Amino acid sequence: MKKSTPNTLDQRRSQWLKGVLDLCVLASLLDADAYGYELAKGLTVAGFGDIKGGTLYPLLNRLEREGYVTTVWRASADGPDRKYYQITKQGRSELNRASASWNTFVTVSKQLLARVNQEST
Amino acid sequence: MNQQSWVYLAQLARALQQKGVDGTRAGEILAELDAHLTESGADPVEELGPPFELAVELANRPGYRRRGWLPPLWLIHLAGVLGALALAAALEAFVTGSDDGKVAIKAIGIVYVLTMYPASVALGFAFTRRLDGRSWKALAGSRAALAIVVTAAAVTTLSNFAGQRVVARIPAPVFWIVVVVALAAVVILLLRRRKPIRFPSHAVHLRRLTRGPLAGRVPS
């Protein structure tokens with residue numbers, strides 16, 4: 001199958017998101033447990049744009065299977081019970097490891113891309 | 001939950017079963033998405049994508065499929081055709097009786113079974129679709145309708161050629177064994193394929209998602 005280069009900014013953004021969304025989800029869980037819709041809203045507020053449930057739930061299920069999060073059902077005052085996600089010790093250490101690596105990656109990219117700004121000004 | 005979400009979850013439930021997702025996992029997923037759709041009020045397809053694609057996505061994750069062998073659909077239908085063929089011939093022999101203890105397989109019987117079987121599968125498929133909330137009008141242009149029309153044409157044409165010609169004569173006991181084995185195989189294979197979805201205790205009301213005639217209707 002032919003792999004095409006992304007030709008819109010939206011496509012680029014969604015490719016970047018694929019690489020880092022799981023880390024952002026884990027980071028969102030550092031302070032408090034959260035359920036799916038809450039996480040989606042939080043990521044949108046943080047500036048990621050609209051995160052669809054169709055992206056989020058398969059991701060959450062993968063994190064659960066890998067043992068990075070555990071889940072617990074809690075009742076809700078208005079509506080069906082919610083499935084809360086809780087980061088595990090394993091999840092924290094993976095987050096530490098991977099976010100360090102991601103930060104290096106971002107720094108390298110920034111250094112290279114900084115030349116673009118200098119040239120255009 | 002609104003009608004749209006209910007229909008979506010009913011379709012997803014069926015898709016998860018078809019893809020062989022473990023029953024407990026499927027129940028959890030459906031309950032979780034029920035909560036999500038209720039709270040967000042979002043359009044289910046826009047929010048979660050087409051139900052079948054979501055089911056594929058979830059089923060392809062290791063650890064999500066039920067362990068063990070999942071019979072492919074063609075095998076179930078093969079057993080179905082075989083069972084129907086044998087049953088038709090055996091019933092005819094039972095009604096007319098045979099002097100030599102053999103069951104005659106007539107060409108016309110083969111024609112009937114090979115055409116009627118796909119048509120009844122298509123009809124069953126159309127019926128479950130109808131119960132998913134689609135209109136009869138939409139079904140009229142569907143593949144199911146086409147299958148039934150083609151069948152009707154095939155039966156009329158082929159039965160002229162086939163006639164009452166006897167293709168084979170097979171000892172009755174052998175025949176009944178084939179009937180029993182083939183029909184048992186259909187039942188066993190279908191049971192293997194369709195494991196019930198187990199919902200978490202707080203979401204047992206969602207059970208109605210998977211109960212045939214009610215799928216596609218919001219519980220009042």
# chains A, B, ... in the order shown; residues from 1 in each chain; ligands from 1
$ residues_around --residues "Val72 of chain A" --least-positions-apart "3" --cutoff "7 Å" --atoms "only C-alpha atoms" --output "number ranges by chain"
A: 83-85
$ write_last_selection --atoms "C-alpha atoms" --output "PDB file, in the first residue's frame"
ATOM      1  CA  LYS A  83     -15.794   3.734  34.117  1.00  0.00           C
ATOM      2  CA  TYR A  84     -12.936   5.559  35.840  1.00  0.00           C
ATOM      3  CA  TYR A  85      -9.343   5.087  34.790  1.00  0.00           C
TER       4      TYR A  85
END
$ interface_residues --of "chain A" --to "chain B" --cutoff "8 Å" --atoms "only C-alpha atoms" --output "short mmCIF file (atom, residue, chain, number, x, y, z; two decimals) with N, CA and C atoms, in the first residue's frame"
data_model
loop_
_atom_site.label_atom_id
_atom_site.label_comp_id
_atom_site.auth_asym_id
_atom_site.auth_seq_id
_atom_site.Cartn_x
_atom_site.Cartn_y
_atom_site.Cartn_z
N GLY A 36 -13.85 8.38 30.61
CA GLY A 36 -13.54 8.68 29.22
C GLY A 36 -13.94 10.06 28.75
N TYR A 37 -15.22 10.40 28.96
CA TYR A 37 -15.69 11.69 28.45
C TYR A 37 -14.96 12.86 29.13
N LYS A 52 -12.06 12.50 19.52
CA LYS A 52 -13.26 11.67 19.34
C LYS A 52 -13.19 10.42 20.21
N GLY A 53 -14.38 9.98 20.64
CA GLY A 53 -14.46 8.74 21.41
C GLY A 53 -13.90 7.57 20.62
N GLY A 54 -14.07 7.62 19.29
CA GLY A 54 -13.56 6.54 18.44
C GLY A 54 -12.05 6.41 18.48
N THR A 55 -11.36 7.49 18.86
CA THR A 55 -9.91 7.45 19.03
C THR A 55 -9.55 7.09 20.47
N PRO A 58 -10.47 3.04 22.07
CA PRO A 58 -9.49 1.98 21.74
C PRO A 58 -8.15 2.21 22.43
N ARG A 62 -6.27 -0.16 25.20
CA ARG A 62 -4.89 -0.64 25.03
C ARG A 62 -4.07 -0.36 26.29
N ARG A 65 -4.97 -2.88 28.84
CA ARG A 65 -4.43 -4.22 28.56
C ARG A 65 -2.94 -4.27 28.88
N GLY A 79 -27.29 9.80 35.36
CA GLY A 79 -26.98 9.00 34.18
C GLY A 79 -26.32 7.69 34.55
N PRO A 80 -25.88 6.96 33.51
CA PRO A 80 -25.30 5.64 33.74
C PRO A 80 -23.99 5.71 34.54
N ASP A 81 -23.61 4.62 35.18
CA ASP A 81 -22.33 4.54 35.89
C ASP A 81 -21.19 4.84 34.94
N ARG A 82 -20.09 5.35 35.49
CA ARG A 82 -18.94 5.70 34.66
C ARG A 82 -17.76 4.80 34.97
N LYS A 83 -16.99 4.55 33.93
CA LYS A 83 -15.79 3.73 34.12
C LYS A 83 -14.61 4.68 34.32
#
$ select_by_dssp --residues "chain A" --states "alpha helix (DSSP H)" --output "ChimeraX atom specification"
/A:9-28,36-43,53-65,89-120
$ select_by_dssp --residues "segment 8-119 of chain A" --states "strand (DSSP E or B)" --output "JSON, numbers by chain"
{"A": [34, 35, 69, 70, 71, 72, 73, 74, 82, 83, 84, 85, 86, 87]}
$ residues_around --residues "Ile105 of chain B" --least-positions-apart "4" --cutoff "6 Å" --atoms "only C-alpha atoms" --output "list of chain:residue names"
B:Ala89, B:Val166, B:Val167, B:Ala168
$ residues_around --residues "Asp33 of chain A" --least-positions-apart "4" --cutoff "12 Å" --atoms "only C-alpha atoms" --output "list of chain:residue names"
A:Val25, A:Leu26, A:Ala27, A:Ser28, A:Leu29, A:Glu38, A:Leu39, A:Val69, A:Thr70, A:Thr71, A:Val72, A:Trp73, A:Arg74, A:Arg82, A:Lys83, A:Tyr84, A:Tyr85, A:Gln86, A:Ile87, A:Thr88
$ write_last_selection --atoms "N, CA and C atoms" --output "mmCIF file, in the first residue's frame"
data_model
loop_
_atom_site.group_PDB
_atom_site.id
_atom_site.type_symbol
_atom_site.label_atom_id
_atom_site.label_comp_id
_atom_site.auth_asym_id
_atom_site.auth_seq_id
_atom_site.Cartn_x
_atom_site.Cartn_y
_atom_site.Cartn_z
ATOM 1 N N VAL A 25 -2.765 11.170 27.802
ATOM 2 C CA VAL A 25 -3.838 10.563 28.591
ATOM 3 C C VAL A 25 -3.290 10.126 29.944
ATOM 4 N N LEU A 26 -2.147 9.455 29.934
ATOM 5 C CA LEU A 26 -1.536 9.011 31.194
ATOM 6 C C LEU A 26 -1.229 10.218 32.084
ATOM 7 N N ALA A 27 -0.704 11.282 31.478
ATOM 8 C CA ALA A 27 -0.373 12.477 32.259
ATOM 9 C C ALA A 27 -1.630 13.102 32.855
ATOM 10 N N SER A 28 -2.748 13.044 32.117
ATOM 11 C CA SER A 28 -4.007 13.596 32.630
ATOM 12 C C SER A 28 -4.478 12.854 33.874
ATOM 13 N N LEU A 29 -4.016 11.599 34.007
ATOM 14 C CA LEU A 29 -4.489 10.787 35.128
ATOM 15 C C LEU A 29 -3.585 10.896 36.356
ATOM 16 N N GLU A 38 -14.673 12.688 30.421
ATOM 17 C CA GLU A 38 -13.945 13.702 31.182
ATOM 18 C C GLU A 38 -12.543 13.897 30.587
ATOM 19 N N LEU A 39 -11.893 12.787 30.258
ATOM 20 C CA LEU A 39 -10.554 12.850 29.658
ATOM 21 C C LEU A 39 -10.599 13.572 28.319
ATOM 22 N N VAL A 69 -3.037 1.360 33.118
ATOM 23 C CA VAL A 69 -4.165 1.896 33.887
ATOM 24 C C VAL A 69 -5.018 0.731 34.381
ATOM 25 N N THR A 70 -5.742 0.977 35.471
ATOM 26 C CA THR A 70 -6.771 0.030 35.900
ATOM 27 C C THR A 70 -8.085 0.774 35.871
ATOM 28 N N THR A 71 -9.186 0.039 35.945
ATOM 29 C CA THR A 71 -10.477 0.720 35.855
ATOM 30 C C THR A 71 -11.367 0.335 37.028
ATOM 31 N N VAL A 72 -12.272 1.230 37.335
ATOM 32 C CA VAL A 72 -13.264 0.961 38.369
ATOM 33 C C VAL A 72 -14.549 1.703 37.989
ATOM 34 N N TRP A 73 -15.680 1.013 38.169
ATOM 35 C CA TRP A 73 -16.970 1.640 37.865
ATOM 36 C C TRP A 73 -17.447 2.432 39.060
ATOM 37 N N ARG A 74 -17.880 3.658 38.807
ATOM 38 C CA ARG A 74 -18.451 4.456 39.881
ATOM 39 C C ARG A 74 -19.791 5.014 39.443
ATOM 40 N N ARG A 82 -20.089 5.346 35.492
ATOM 41 C CA ARG A 82 -18.940 5.705 34.656
ATOM 42 C C ARG A 82 -17.764 4.804 34.969
ATOM 43 N N LYS A 83 -16.987 4.551 33.932
ATOM 44 C CA LYS A 83 -15.794 3.734 34.117
ATOM 45 C C LYS A 83 -14.607 4.676 34.324
ATOM 46 N N TYR A 84 -14.055 4.679 35.516
ATOM 47 C CA TYR A 84 -12.936 5.559 35.840
ATOM 48 C C TYR A 84 -11.619 4.864 35.581
ATOM 49 N N TYR A 85 -10.683 5.612 35.045
ATOM 50 C CA TYR A 85 -9.343 5.087 34.790
ATOM 51 C C TYR A 85 -8.384 5.627 35.832
ATOM 52 N N GLN A 86 -7.478 4.758 36.242
ATOM 53 C CA GLN A 86 -6.559 5.060 37.330
ATOM 54 C C GLN A 86 -5.180 4.650 36.843
ATOM 55 N N ILE A 87 -4.193 5.536 36.948
ATOM 56 C CA ILE A 87 -2.861 5.189 36.459
ATOM 57 C C ILE A 87 -2.185 4.245 37.466
ATOM 58 N N THR A 88 -1.473 3.253 36.955
ATOM 59 C CA THR A 88 -0.791 2.298 37.830
ATOM 60 C C THR A 88 0.673 2.713 38.000
#
$ residues_around --residues "Val181 of chain B" --least-positions-apart "6" --cutoff "12 Å" --atoms "only C-alpha atoms" --output "NGL selection string"
:B and (79-80 or 82-84 or 86-87 or 174-175 or 187-189)
$ closest_residue --among "B:Ala107, B:Val179, B:Val81, B:Leu30" --to "Tyr57 of chain A" --atoms "only C-alpha atoms"
B:Leu30
$ closest_residue --among "B:Val7, B:Ala147, B:Leu183, B:Ile110" --to "Ala122 of chain B" --atoms "only C-alpha atoms"
B:Ala147
